[in-house]
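Listing of structure27.cif, mmCIF, C-alpha atoms
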data_protein
loop_
_atom_site.label_atom_id
_atom_site.label_comp_id
_atom_site.auth_asym_id
_atom_site.auth_seq_id
_atom_site.Cartn_x
_atom_site.Cartn_y
_atom_site.Cartn_z
CA MET A 1 -92.81 -171.82 -76.94
CA PHE A 2 -90.84 -173.63 -74.24
CA LEU A 3 -87.15 -174.53 -74.10
CA ARG A 4 -86.69 -177.82 -72.29
CA ASN A 5 -82.97 -178.56 -72.08
CA PHE A 6 -82.33 -175.95 -69.42
CA TRP A 7 -82.28 -175.64 -65.65
CA TYR A 8 -85.17 -173.60 -64.28
CA VAL A 9 -85.90 -172.34 -60.81
CA ALA A 10 -88.79 -174.45 -59.54
CA ALA A 11 -89.20 -173.16 -55.99
CA THR A 12 -87.53 -171.32 -53.17
CA ASP A 13 -85.67 -173.59 -50.75
CA SER A 14 -88.23 -172.93 -48.01
CA GLU A 15 -91.17 -173.90 -50.21
CA VAL A 16 -89.95 -177.49 -50.59
CA GLY A 17 -90.31 -179.50 -47.40
CA ARG A 18 -92.00 -182.55 -45.94
CA LYS A 19 -95.38 -181.41 -47.23
CA PRO A 20 -95.74 -182.11 -50.98
CA LEU A 21 -95.67 -178.96 -53.11
CA ALA A 22 -97.57 -178.92 -56.42
CA ARG A 23 -96.25 -176.73 -59.21
CA LEU A 24 -96.94 -176.59 -62.93
CA ILE A 25 -93.76 -176.01 -64.92
CA LEU A 26 -93.62 -175.78 -68.72
CA GLY A 27 -97.16 -177.16 -68.67
CA GLU A 28 -96.11 -180.27 -66.71
CA PRO A 29 -97.64 -180.97 -63.27
CA ILE A 30 -94.83 -181.66 -60.82
CA VAL A 31 -94.76 -182.46 -57.11
CA PHE A 32 -91.79 -181.52 -54.93
CA PHE A 33 -90.82 -182.79 -51.50
CA ARG A 34 -87.78 -183.50 -49.35
CA THR A 35 -86.63 -186.87 -48.15
CA GLU A 36 -85.89 -187.29 -44.45
CA ASP A 37 -82.25 -186.30 -45.04
CA GLY A 38 -83.39 -183.05 -46.73
CA THR A 39 -82.74 -184.02 -50.35
CA PRO A 40 -85.23 -182.36 -52.71
CA VAL A 41 -87.13 -184.67 -55.07
CA ALA A 42 -89.41 -183.92 -58.04
CA PHE A 43 -91.99 -186.28 -59.54
CA GLU A 44 -94.66 -186.07 -62.15
CA ASP A 45 -97.69 -184.99 -60.08
CA ARG A 46 -99.99 -187.80 -61.20
CA CYS A 47 -100.43 -191.26 -59.76
CA ALA A 48 -99.78 -194.01 -62.32
CA HIS A 49 -102.98 -195.71 -61.13
CA ARG A 50 -105.88 -193.26 -61.51
CA HIS A 51 -104.08 -189.97 -62.07
CA LEU A 52 -104.87 -188.23 -58.81
CA PRO A 53 -102.23 -185.54 -58.18
CA LEU A 54 -99.66 -187.06 -55.85
CA SER A 55 -99.34 -183.65 -54.21
CA MET A 56 -102.65 -184.45 -52.49
CA GLY A 57 -100.92 -187.34 -50.75
CA LYS A 58 -98.47 -187.47 -47.87
CA LEU A 59 -94.98 -188.63 -47.09
CA VAL A 60 -94.46 -191.91 -45.31
CA GLY A 61 -90.77 -191.88 -44.51
CA ASP A 62 -89.14 -191.22 -47.87
CA ARG A 63 -92.12 -192.58 -49.81
CA LEU A 64 -94.85 -190.44 -51.31
CA GLN A 65 -98.24 -192.04 -50.73
CA CYS A 66 -101.17 -191.36 -53.05
CA HIS A 67 -104.21 -189.95 -51.26
CA TYR A 68 -106.64 -192.09 -53.33
CA HIS A 69 -105.64 -195.76 -52.97
CA GLY A 70 -102.43 -195.53 -50.96
CA LEU A 71 -99.89 -196.50 -53.62
CA GLN A 72 -96.43 -195.56 -52.40
CA TYR A 73 -93.56 -194.30 -54.57
CA ASP A 74 -89.91 -194.22 -53.57
CA GLN A 75 -87.63 -191.31 -54.48
CA THR A 76 -86.78 -192.88 -57.85
CA GLY A 77 -90.46 -192.66 -58.81
CA ARG A 78 -90.97 -196.45 -58.63
CA CYS A 79 -94.11 -197.73 -56.96
CA VAL A 80 -92.98 -199.90 -54.05
CA ARG A 81 -96.30 -200.61 -52.38
CA ILE A 82 -99.83 -201.32 -53.57
CA PRO A 83 -102.14 -201.97 -50.62
CA GLY A 84 -103.72 -205.44 -50.83
CA GLN A 85 -101.46 -206.58 -53.67
CA ASP A 86 -98.06 -208.24 -53.49
CA GLN A 87 -97.10 -207.99 -57.14
CA ILE A 88 -96.18 -204.55 -58.44
CA PRO A 89 -96.30 -204.15 -62.22
CA PRO A 90 -93.15 -202.65 -63.81
CA SER A 91 -95.28 -199.88 -65.30
CA ALA A 92 -96.16 -198.68 -61.80
CA LYS A 93 -93.83 -195.68 -61.78
CA VAL A 94 -93.90 -191.95 -62.34
CA LYS A 95 -91.52 -189.68 -64.20
CA THR A 96 -88.84 -188.05 -62.07
CA TYR A 97 -86.88 -184.87 -62.76
CA PRO A 98 -83.28 -183.94 -61.93
CA VAL A 99 -83.25 -181.33 -59.15
CA VAL A 100 -80.44 -179.35 -57.54
CA GLU A 101 -80.56 -176.91 -54.65
CA ARG A 102 -78.43 -173.82 -55.20
CA TYR A 103 -78.51 -170.10 -54.28
CA ARG A 104 -81.49 -170.77 -51.95
CA TRP A 105 -83.53 -171.96 -54.91
CA VAL A 106 -84.52 -175.47 -56.01
CA TRP A 107 -83.68 -175.94 -59.67
CA ILE A 108 -85.23 -178.46 -62.04
CA TRP A 109 -84.09 -179.83 -65.41
CA MET A 110 -87.06 -180.11 -67.76
CA GLY A 111 -85.38 -181.77 -70.73
CA ASP A 112 -83.43 -184.93 -71.48
CA PRO A 113 -82.12 -186.10 -68.05
CA ALA A 114 -78.91 -187.32 -69.70
CA LEU A 115 -78.03 -183.68 -70.42
CA ALA A 116 -78.71 -182.38 -66.90
CA ASP A 117 -75.30 -181.06 -65.90
CA PRO A 118 -75.49 -178.91 -62.71
CA ALA A 119 -72.51 -176.92 -64.01
CA LYS A 120 -74.95 -175.35 -66.47
CA ILE A 121 -76.95 -173.69 -63.69
CA THR A 122 -76.82 -169.92 -64.12
CA ASP A 123 -74.82 -168.13 -61.43
CA PHE A 124 -76.90 -166.31 -58.81
CA HIS A 125 -74.33 -166.45 -56.01
CA TRP A 126 -75.27 -162.95 -54.80
CA LEU A 127 -78.31 -164.48 -53.11
CA ASP A 128 -76.29 -166.51 -50.60
CA ASP A 129 -72.86 -164.88 -50.72
CA PRO A 130 -71.92 -163.46 -47.26
CA ALA A 131 -70.30 -160.50 -49.01
CA TRP A 132 -73.79 -159.37 -50.07
CA GLY A 133 -76.99 -158.58 -48.22
CA ALA A 134 -79.86 -160.16 -50.11
CA LYS A 135 -83.53 -160.97 -49.97
CA ALA A 136 -85.52 -162.96 -52.52
CA SER A 137 -89.17 -163.57 -53.25
CA TYR A 138 -91.64 -165.17 -55.64
CA LEU A 139 -94.42 -163.73 -57.75
CA HIS A 140 -97.00 -165.59 -59.76
CA VAL A 141 -97.53 -163.74 -63.01
CA LYS A 142 -100.50 -164.04 -65.34
CA ALA A 143 -98.38 -163.44 -68.43
CA ASN A 144 -96.18 -165.31 -70.89
CA TRP A 145 -92.60 -165.61 -69.66
CA GLN A 146 -91.19 -163.73 -72.65
CA LEU A 147 -93.16 -160.61 -71.71
CA VAL A 148 -91.29 -160.60 -68.40
CA VAL A 149 -87.94 -161.05 -70.16
CA ASP A 150 -88.80 -158.21 -72.54
CA ASN A 151 -89.63 -155.94 -69.62
CA LEU A 152 -86.30 -156.52 -67.90
CA LEU A 153 -84.25 -156.03 -71.04
CA ASP A 154 -85.72 -152.63 -71.81
CA LEU A 155 -85.46 -150.34 -68.84
CA THR A 156 -86.75 -147.22 -70.58
CA HIS A 157 -90.10 -148.25 -69.08
CA LEU A 158 -88.77 -147.23 -65.66
CA ALA A 159 -89.39 -143.61 -66.61
CA PHE A 160 -93.10 -144.24 -66.98
CA VAL A 161 -94.14 -147.35 -65.04
CA HIS A 162 -91.93 -146.61 -62.03
CA GLU A 163 -91.72 -142.83 -61.90
CA THR A 164 -92.40 -142.81 -58.14
CA THR A 165 -89.80 -145.46 -57.26
CA ILE A 166 -86.83 -146.44 -59.40
CA GLY A 167 -87.47 -144.35 -62.50
CA ASN A 168 -87.35 -140.83 -63.77
CA ALA A 169 -87.54 -139.13 -67.15
CA ALA A 170 -83.76 -139.15 -67.58
CA LEU A 171 -83.91 -142.87 -68.30
CA ALA A 172 -85.88 -142.50 -71.48
CA GLU A 173 -84.41 -139.30 -72.85
CA HIS A 174 -80.77 -139.13 -71.84
CA ALA A 175 -79.29 -142.59 -72.11
CA VAL A 176 -76.49 -144.04 -74.13
CA VAL A 177 -77.26 -147.74 -74.51
CA LYS A 178 -74.85 -150.43 -75.65
CA VAL A 179 -76.21 -153.83 -76.63
CA THR A 180 -73.65 -156.61 -76.90
CA ARG A 181 -74.95 -159.73 -78.56
CA ALA A 182 -72.98 -162.98 -78.24
CA PRO A 183 -74.26 -166.34 -79.54
CA ASN A 184 -76.12 -167.14 -76.30
CA ASN A 185 -76.03 -163.93 -74.34
CA VAL A 186 -77.17 -160.33 -74.50
CA VAL A 187 -75.74 -157.58 -72.34
CA VAL A 188 -77.43 -154.20 -72.32
CA THR A 189 -75.31 -151.47 -70.76
CA ARG A 190 -76.72 -148.05 -70.01
CA TRP A 191 -75.13 -145.06 -68.37
CA ILE A 192 -77.19 -142.09 -67.30
CA ILE A 193 -74.69 -139.36 -66.60
CA ASP A 194 -75.14 -136.28 -64.43
CA GLN A 195 -78.86 -136.67 -63.83
CA PRO A 196 -81.02 -136.56 -60.69
CA ALA A 197 -81.16 -139.81 -58.69
CA PRO A 198 -84.54 -141.58 -58.74
CA PRO A 199 -86.64 -141.62 -55.52
CA THR A 200 -85.53 -145.08 -54.35
CA PHE A 201 -81.85 -144.27 -54.83
CA VAL A 202 -82.28 -141.05 -52.83
CA LYS A 203 -83.90 -143.02 -49.99
CA VAL A 204 -81.28 -145.76 -49.97
CA GLY A 205 -78.17 -143.84 -50.96
CA GLY A 206 -78.97 -140.42 -49.52
CA PHE A 207 -77.92 -138.61 -52.70
CA THR A 208 -78.20 -134.84 -52.62
CA THR A 209 -76.42 -134.13 -55.92
CA HIS A 210 -76.74 -135.41 -59.48
CA VAL A 211 -75.50 -138.95 -60.04
CA ASP A 212 -73.88 -141.13 -62.67
CA ARG A 213 -76.14 -144.16 -62.82
CA TRP A 214 -75.56 -147.53 -64.44
CA GLN A 215 -77.80 -150.39 -65.47
CA ILE A 216 -76.02 -153.42 -66.86
CA ILE A 217 -78.48 -156.13 -67.84
CA ASP A 218 -77.05 -159.59 -68.42
CA PHE A 219 -79.49 -161.94 -70.18
CA VAL A 220 -78.81 -165.67 -70.15
CA PRO A 221 -81.28 -167.99 -71.90
CA PRO A 222 -83.91 -169.03 -71.43
CA ALA A 223 -85.05 -166.45 -68.87
CA PHE A 224 -82.37 -165.32 -66.45
CA LEU A 225 -81.65 -161.62 -66.05
CA ARG A 226 -79.00 -160.34 -63.71
CA LEU A 227 -78.99 -156.58 -63.37
CA ASP A 228 -75.96 -154.73 -62.08
CA VAL A 229 -77.40 -151.39 -60.97
CA GLY A 230 -76.24 -148.47 -58.95
CA ALA A 231 -75.17 -144.86 -58.84
CA THR A 232 -72.39 -142.64 -57.55
CA PRO A 233 -72.21 -138.85 -57.26
CA THR A 234 -71.49 -137.38 -60.68
CA GLY A 235 -67.86 -137.03 -61.58
CA THR A 236 -66.48 -139.53 -59.08
CA GLY A 237 -65.38 -141.99 -61.75
CA ALA A 238 -67.98 -144.74 -61.95
CA PRO A 239 -67.98 -144.90 -65.78
CA GLU A 240 -64.22 -145.51 -65.59
CA GLY A 241 -64.77 -148.36 -63.11
CA LYS A 242 -64.36 -146.48 -59.83
CA ARG A 243 -67.53 -147.11 -57.89
CA VAL A 244 -67.13 -145.16 -54.64
CA GLY A 245 -69.44 -143.10 -52.48
CA GLY A 246 -72.62 -144.52 -53.94
CA ILE A 247 -74.73 -147.65 -54.04
CA ASN A 248 -74.03 -150.92 -55.84
CA MET A 249 -76.77 -153.53 -56.15
CA ARG A 250 -77.84 -156.61 -58.08
CA ASN A 251 -81.39 -157.24 -59.15
CA LEU A 252 -81.70 -160.94 -59.87
CA ASN A 253 -84.46 -162.52 -61.92
CA ALA A 254 -85.32 -166.08 -62.90
CA ILE A 255 -88.51 -166.60 -64.83
CA THR A 256 -89.94 -170.08 -65.19
CA PRO A 257 -92.80 -170.67 -67.61
CA GLU A 258 -95.85 -172.20 -65.98
CA THR A 259 -98.07 -172.26 -69.06
CA ASP A 260 -98.12 -170.26 -72.29
CA LYS A 261 -99.95 -167.52 -70.43
CA THR A 262 -98.63 -167.69 -66.87
CA SER A 263 -95.19 -167.65 -65.26
CA HIS A 264 -93.36 -168.23 -62.01
CA TYR A 265 -91.23 -165.20 -61.27
CA PHE A 266 -88.40 -165.69 -58.79
CA TRP A 267 -86.46 -162.57 -57.99
CA GLY A 268 -84.13 -161.10 -55.44
CA GLN A 269 -82.28 -157.93 -54.59
CA ALA A 270 -78.71 -157.84 -53.29
CA HIS A 271 -76.46 -155.01 -52.11
CA ASP A 272 -72.76 -154.92 -51.23
CA PHE A 273 -72.86 -152.09 -48.68
CA ASP A 274 -73.81 -152.43 -44.99
CA VAL A 275 -74.49 -156.11 -45.70
CA GLU A 276 -75.24 -157.05 -42.08
CA ASN A 277 -77.99 -154.44 -41.84
CA ALA A 278 -81.14 -156.55 -42.23
CA GLU A 279 -83.34 -153.48 -41.89
CA LEU A 280 -81.57 -151.91 -44.87
CA THR A 281 -81.86 -155.13 -46.89
CA ASN A 282 -85.60 -155.16 -46.17
CA ARG A 283 -85.99 -151.50 -47.03
CA ILE A 284 -84.26 -151.91 -50.40
CA PHE A 285 -86.24 -155.06 -51.09
CA GLU A 286 -89.55 -153.37 -50.31
CA GLN A 287 -88.76 -150.41 -52.57
CA ILE A 288 -87.97 -152.73 -55.46
CA GLN A 289 -90.96 -154.94 -54.68
CA THR A 290 -93.24 -151.94 -55.03
CA ALA A 291 -91.81 -151.41 -58.50
CA PHE A 292 -92.21 -155.10 -59.35
CA TYR A 293 -95.91 -155.02 -58.48
CA GLU A 294 -96.19 -152.17 -60.97
CA ASP A 295 -94.50 -154.40 -63.56
CA VAL A 296 -96.80 -157.33 -62.81
CA ALA A 297 -99.79 -155.09 -63.53
CA VAL A 298 -98.21 -154.25 -66.89
CA PHE A 299 -97.42 -157.86 -67.91
CA SER A 300 -100.88 -159.03 -66.93
CA ALA A 301 -102.55 -156.29 -68.93
CA GLN A 302 -100.32 -157.05 -71.94
CA GLN A 303 -101.32 -160.72 -71.74
CA ARG A 304 -105.03 -159.85 -71.56
CA SER A 305 -104.56 -157.65 -74.59
CA LEU A 306 -102.75 -160.42 -76.49
CA ASP A 307 -105.47 -162.91 -75.52
CA LEU A 308 -108.03 -160.73 -77.26
CA ILE A 309 -106.04 -160.48 -80.50
CA PRO A 310 -103.18 -163.03 -80.63
CA ASN A 311 -100.02 -162.13 -82.57
CA PRO A 312 -100.96 -158.60 -83.59
CA PRO A 313 -98.42 -156.59 -85.58
CA GLN A 314 -96.14 -154.61 -83.29
CA LEU A 315 -93.83 -151.67 -83.61
CA ASP A 316 -90.15 -151.90 -82.67
CA ILE A 317 -88.25 -148.84 -81.45
CA ASN A 318 -84.54 -148.27 -80.78
CA ALA A 319 -84.97 -149.15 -77.09
CA ASP A 320 -86.13 -152.64 -78.09
CA THR A 321 -82.72 -153.63 -79.45
CA GLY A 322 -81.82 -155.87 -76.51
CA VAL A 323 -85.29 -157.42 -76.49
CA ILE A 324 -85.10 -158.22 -80.19
CA GLN A 325 -81.67 -159.83 -79.85
CA ALA A 326 -82.83 -161.97 -76.89
CA ARG A 327 -85.92 -163.10 -78.78
CA ARG A 328 -83.76 -164.10 -81.75
CA ILE A 329 -81.50 -166.18 -79.52
CA LEU A 330 -84.52 -167.87 -77.94
CA ALA A 331 -86.08 -168.60 -81.33
CA ARG A 332 -82.81 -170.10 -82.57
CA LEU A 333 -82.43 -172.27 -79.46
CA HIS A 334 -86.00 -173.46 -79.85
CA ASP A 335 -85.40 -174.35 -83.50
CA GLU A 336 -82.26 -176.26 -82.49
CA GLU A 337 -84.13 -178.19 -79.79
CA GLN A 338 -86.94 -179.08 -82.17
CA ALA A 339 -84.48 -180.18 -84.86
CA ALA A 340 -82.67 -182.43 -82.36
CA LEU A 341 -86.00 -183.94 -81.27
CA HIS A 342 -86.90 -184.73 -84.88
CA VAL A 343 -83.51 -186.37 -85.44
CA THR A 344 -83.98 -188.47 -82.28
CA ALA A 345 -87.51 -189.42 -83.34
CA ALA A 346 -86.28 -190.44 -86.80
CA GLU A 347 -83.51 -192.70 -85.42
CA MET B 1 -77.73 -135.82 -75.36
CA LYS B 2 -80.39 -137.97 -76.93
CA PHE B 3 -81.16 -141.67 -76.64
CA ARG B 4 -78.64 -143.63 -78.71
CA VAL B 5 -78.07 -147.38 -79.06
CA GLU B 6 -74.78 -149.05 -79.93
CA LEU B 7 -74.93 -152.66 -81.10
CA VAL B 8 -71.94 -154.93 -80.73
CA TRP B 9 -71.94 -158.44 -82.20
CA LYS B 10 -69.61 -161.12 -80.88
CA ASP B 11 -68.98 -164.48 -82.53
CA ASP B 12 -68.28 -167.86 -80.90
CA GLU B 13 -64.64 -166.86 -80.29
CA GLU B 14 -65.69 -163.60 -78.60
CA GLN B 15 -64.39 -161.62 -81.57
CA ALA B 16 -66.41 -158.42 -81.76
CA ALA B 17 -67.46 -156.73 -84.97
CA ALA B 18 -67.31 -152.98 -85.34
CA SER B 19 -70.27 -151.20 -83.80
CA ILE B 20 -73.58 -150.31 -85.36
CA TYR B 21 -75.23 -147.16 -84.00
CA LEU B 22 -78.95 -146.44 -83.98
CA THR B 23 -79.56 -142.75 -83.48
CA SER B 24 -82.58 -140.89 -82.17
CA ASP B 25 -83.03 -139.18 -85.54
CA GLY B 26 -83.60 -142.54 -87.20
CA ARG B 27 -80.22 -143.19 -88.77
CA VAL B 28 -78.11 -146.37 -88.71
CA ILE B 29 -74.42 -145.48 -88.56
CA LEU B 30 -71.76 -148.09 -89.28
CA GLN B 31 -68.20 -147.94 -88.11
CA GLY B 32 -65.64 -148.36 -90.90
CA ARG B 33 -62.58 -146.89 -92.53
CA ALA B 34 -62.70 -144.34 -95.33
CA VAL B 35 -61.44 -145.67 -98.68
CA SER B 36 -58.62 -143.48 -99.97
CA GLN B 37 -58.28 -142.23 -103.53
CA THR B 38 -55.18 -144.44 -103.89
CA GLU B 39 -57.17 -147.53 -102.91
CA ARG B 40 -59.99 -146.54 -105.23
CA ALA B 41 -57.53 -146.31 -108.11
CA THR B 42 -55.85 -149.61 -107.22
CA LEU B 43 -59.17 -151.45 -106.87
CA SER B 44 -60.84 -149.68 -109.83
CA LEU B 45 -63.52 -148.23 -107.57
CA PRO B 46 -65.55 -145.15 -108.53
CA PRO B 47 -63.63 -142.00 -107.60
CA GLU B 48 -66.70 -140.03 -106.48
CA GLY B 49 -68.91 -140.32 -103.39
CA ASP B 50 -68.07 -141.31 -99.81
CA MET B 51 -66.93 -144.90 -99.40
CA ILE B 52 -66.09 -146.89 -96.30
CA SER B 53 -64.44 -150.25 -95.89
CA VAL B 54 -66.03 -152.50 -93.27
CA ASP B 55 -65.01 -155.79 -91.73
CA ARG B 56 -66.83 -158.92 -92.93
CA ASN B 57 -67.89 -159.51 -89.31
CA LEU B 58 -69.84 -156.28 -89.47
CA ILE B 59 -71.84 -157.62 -92.40
CA GLN B 60 -72.59 -160.74 -90.35
CA ALA B 61 -73.62 -158.49 -87.46
CA ILE B 62 -75.95 -156.51 -89.69
CA LYS B 63 -77.48 -159.76 -90.97
CA ASP B 64 -77.96 -161.12 -87.45
CA MET B 65 -78.89 -158.01 -85.53
CA LEU B 66 -80.85 -155.64 -87.76
#
For the structure just supplied, provide its representation as structure tokens.
Amino acid sequence: MFLRNFWYVAATDSEVGRKPLARLILGEPIVFFRTEDGTPVAFEDRCAHRHLPLSMGKLVGDRLQCHYHGLQYDQTGRCVRIPGQDQIPPSAKVKTYPVVERYRWVWIWMGDPALADPAKITDFHWLDDPAWGAKASYLHVKANWQLVVDNLLDLTHLAFVHETTIGNAALAEHAVVKVTRAPNNVVVTRWIIDQPAPPTFVKVGGFTTHVDRWQIIDFVPPAFLRLDVGATPTGTGAPEGKRVGGINMRNLNAITPETDKTSHYFWGQAHDFDVENAELTNRIFEQIQTAFYEDVAVFSAQQRSLDLIPNPPQLDINADTGVIQARRILARLHDEEQAALHVTAAE
Amino acid sequence: MKFRVELVWKDDEEQAAASIYLTSDGRVILQGRAVSQTERATLSLPPEGDMISVDRNLIQAIKDML
């Protein structure tokens, strides 16, 4: 299941340059490059002539030249040169996609271009806001995108998958969880009060006493999860909104489906303390990255299991509440997109 | 303290329904107001048993969320 009328993160800003970048998104082969003035461009990655991926070609000025027979396409996707032929048929063109560069990511609109409003891009300002120290990265995941979304919406797994980094048993046994479901949004709020800080928090925050820890997960369809996480020494007032003497971070996640069974996982970690300290930013990032590799191993194994027996019955537990609500929103949005497509097709 | 989940449902106008609570002992607890004996008499409701009055939004929330 893919949702098309949404902005997705296609690449990091540094991945898109003067060398064509091939990427499969929602099952569609796409090539990315920058024009000489730095504008990012996205085409269907298939020459209109004999279907060689255009990503195998090269840029000639602002034109992308096919590696096979040298057809050249301008940034609107129109073929403007066929070697040895003056007349260019009108059908000599490739599909183009709306792209926008924001928050150090290149975003792509995969649906009806007429609906591609950049104002709909989900806010990830923490990644390039000078008030925050941040570092981002990319992971290729051999798992369906919804398995990644599920993982981020249920953080009880931290107690088991990440017990040596960001988790501890308190997360699964001592949490009060609030799930707020709006028509197109799920927020999962958890407070873990007066419990030991997990290993990563001790390393980064230097906690020597019990902490009050929060995890506020904000899910925006189709696959954006912004986690407000942190901790302060117990009793200093964080649950009442007074976050002092501790650590305050954002874990930022944008998952882009590649195929039904693989995903592009763009993520970053931001902190609002000692923001100029690049060594600290790196240290926090590396701690979280270690945990993310543990997650990737879980998603991949889940996918292999699902490949063996597709759609097996599954058990839902209380901790799945946020996951279930997000899946319902996604299913409804998919139904709405399909219904609109059928109406358009019938007209 | 045990693991407990509170569900809050908001409509298009951001109006929230009363909460639904899922407890670690397997119960679903709804937030509502007890129906008084006076109300029971006025509305010809049975006088015995516990009764609560809930907002219609809560019924929508139960339909959507559970």
If you apply the PyMOL selection byres ((chain B) within 7 of (chain A)) to this file, what residues do you get, as a ChimeraX atom specification?
-> /B:1-12,22,65
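The nearest approach to Gly57 in chain A among the residues A:Leu21, A:Glu36, A:Thr259, A:Asn248, with only C-alpha atoms taken into account, belongs to A:Leu21.
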CA of Trp7 in chain A to CA of Ala116 in chain A: how many Å, to one decimal?
-> 7.7 Å
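Going from CA of Ile284 in chain A to CA of Glu163 in chain A covers 16.4 Å.
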The PyMOL selection byres ((chain A and resi 13) around 10) applied to the shown file, residues as a ChimeraX atom specification = /A:10-12,14-17,40,101-107
Which residues would end up in the selection if the PyMOL selection byres ((chain B and resi 25-31) around 9) were applied here, given that I need the answer as an mmCIF file with C-alpha atoms, in the frame of the given file?
data_model
loop_
_atom_site.group_PDB
_atom_site.id
_atom_site.type_symbol
_atom_site.label_atom_id
_atom_site.label_comp_id
_atom_site.auth_asym_id
_atom_site.auth_seq_id
_atom_site.Cartn_x
_atom_site.Cartn_y
_atom_site.Cartn_z
ATOM 1 C CA ASN A 318 -84.540 -148.270 -80.780
ATOM 2 C CA ALA B 18 -67.310 -152.980 -85.340
ATOM 3 C CA SER B 19 -70.270 -151.200 -83.800
ATOM 4 C CA ILE B 20 -73.580 -150.310 -85.360
ATOM 5 C CA TYR B 21 -75.230 -147.160 -84.000
ATOM 6 C CA LEU B 22 -78.950 -146.440 -83.980
ATOM 7 C CA THR B 23 -79.560 -142.750 -83.480
ATOM 8 C CA SER B 24 -82.580 -140.890 -82.170
ATOM 9 C CA GLY B 32 -65.640 -148.360 -90.900
ATOM 10 C CA ARG B 33 -62.580 -146.890 -92.530
ATOM 11 C CA ILE B 52 -66.090 -146.890 -96.300
ATOM 12 C CA SER B 53 -64.440 -150.250 -95.890
ATOM 13 C CA VAL B 54 -66.030 -152.500 -93.270
ATOM 14 C CA LEU B 58 -69.840 -156.280 -89.470
#
Interatomic distance (Å, one decimal) between CA of Asp307 in chain A and CA of Glu258 in chain A | 16.4 Å
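Proximity to Pro90 in chain A was assessed for A:Ala48, A:Ile309, A:Met56, A:Ile30 counting all atoms listed in the file; the smallest distance is recorded for A:Ala48.
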Could you give me, as a list in words, the residues within 12 Å of Arg304 in chain A, counting all atoms listed in the file and dropping anything in the same chain fewer than 3 positions from it?
-> Lys142, Ala143, Asn144, Leu147, Lys261, Thr262, Ala297, Val298, Phe299, Ser300, Ala301, Asp307, Leu308, Ile309 and Pro310 of chain A
Distance query range 330-337 of chain A at most 12 Å, only C-alpha atoms, self and fewer than 4 positions along chain excluded, as a PyMOL selection string = (chain A and resi 1-6+111-112+145-146+149-150+183-186+219-224+323-326+341-344) or (chain B and resi 64)
Hey, can you pull every residue with an atom no more than 6 Å from (-74.5, -136.3, -65.6), using only C-alpha atoms, and send it as a VMD selection string?
-> chain A and resid 193 to 195 212 234
Output of the above residues as a PDB file, in the coordinates of the input, restricted to C-alpha atoms:
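Dumped to out.pdb:
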ATOM      1  CA  ILE A 193     -74.690-139.360 -66.600  1.00  0.00           C
ATOM      2  CA  ASP A 194     -75.140-136.280 -64.430  1.00  0.00           C
ATOM      3  CA  GLN A 195     -78.860-136.670 -63.830  1.00  0.00           C
ATOM      4  CA  ASP A 212     -73.880-141.130 -62.670  1.00  0.00           C
ATOM      5  CA  THR A 234     -71.490-137.380 -60.680  1.00  0.00           C
TER       6      THR A 234
END
Which is closer to Gly206 in chain A than all the others in A:Gln72, A:Gln87, A:Thr232, A:Gln314, using all atoms listed in the file?
-> A:Thr232
Identify, on the basis of all atoms listed in the file, every residue whose closest approach to His69 in chain A does not exceed 12 Å; exclude the query and any residue fewer than 3 positions from it along the same chain; express the result as JSON, numbers by chain.
-> {"A": [47, 48, 49, 50, 51, 52, 53, 54, 56, 57, 65, 66, 72, 81, 82, 83, 84, 85]}
Counting all atoms listed in the file, note down every residue that has an atom within 10 Å of the point (-93.8, -175.2, -65.2) (file coordinates), as a PyMOL selection string.
-> chain A and resi 2+8-10+23-30+108+110+256-260+262-264
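Compared by their closest atoms to Glu14 in chain B, and using all atoms listed in the file, the residues B:Ala34, B:Pro47, B:Glu39, B:Asn57 rank with B:Asn57 nearest.
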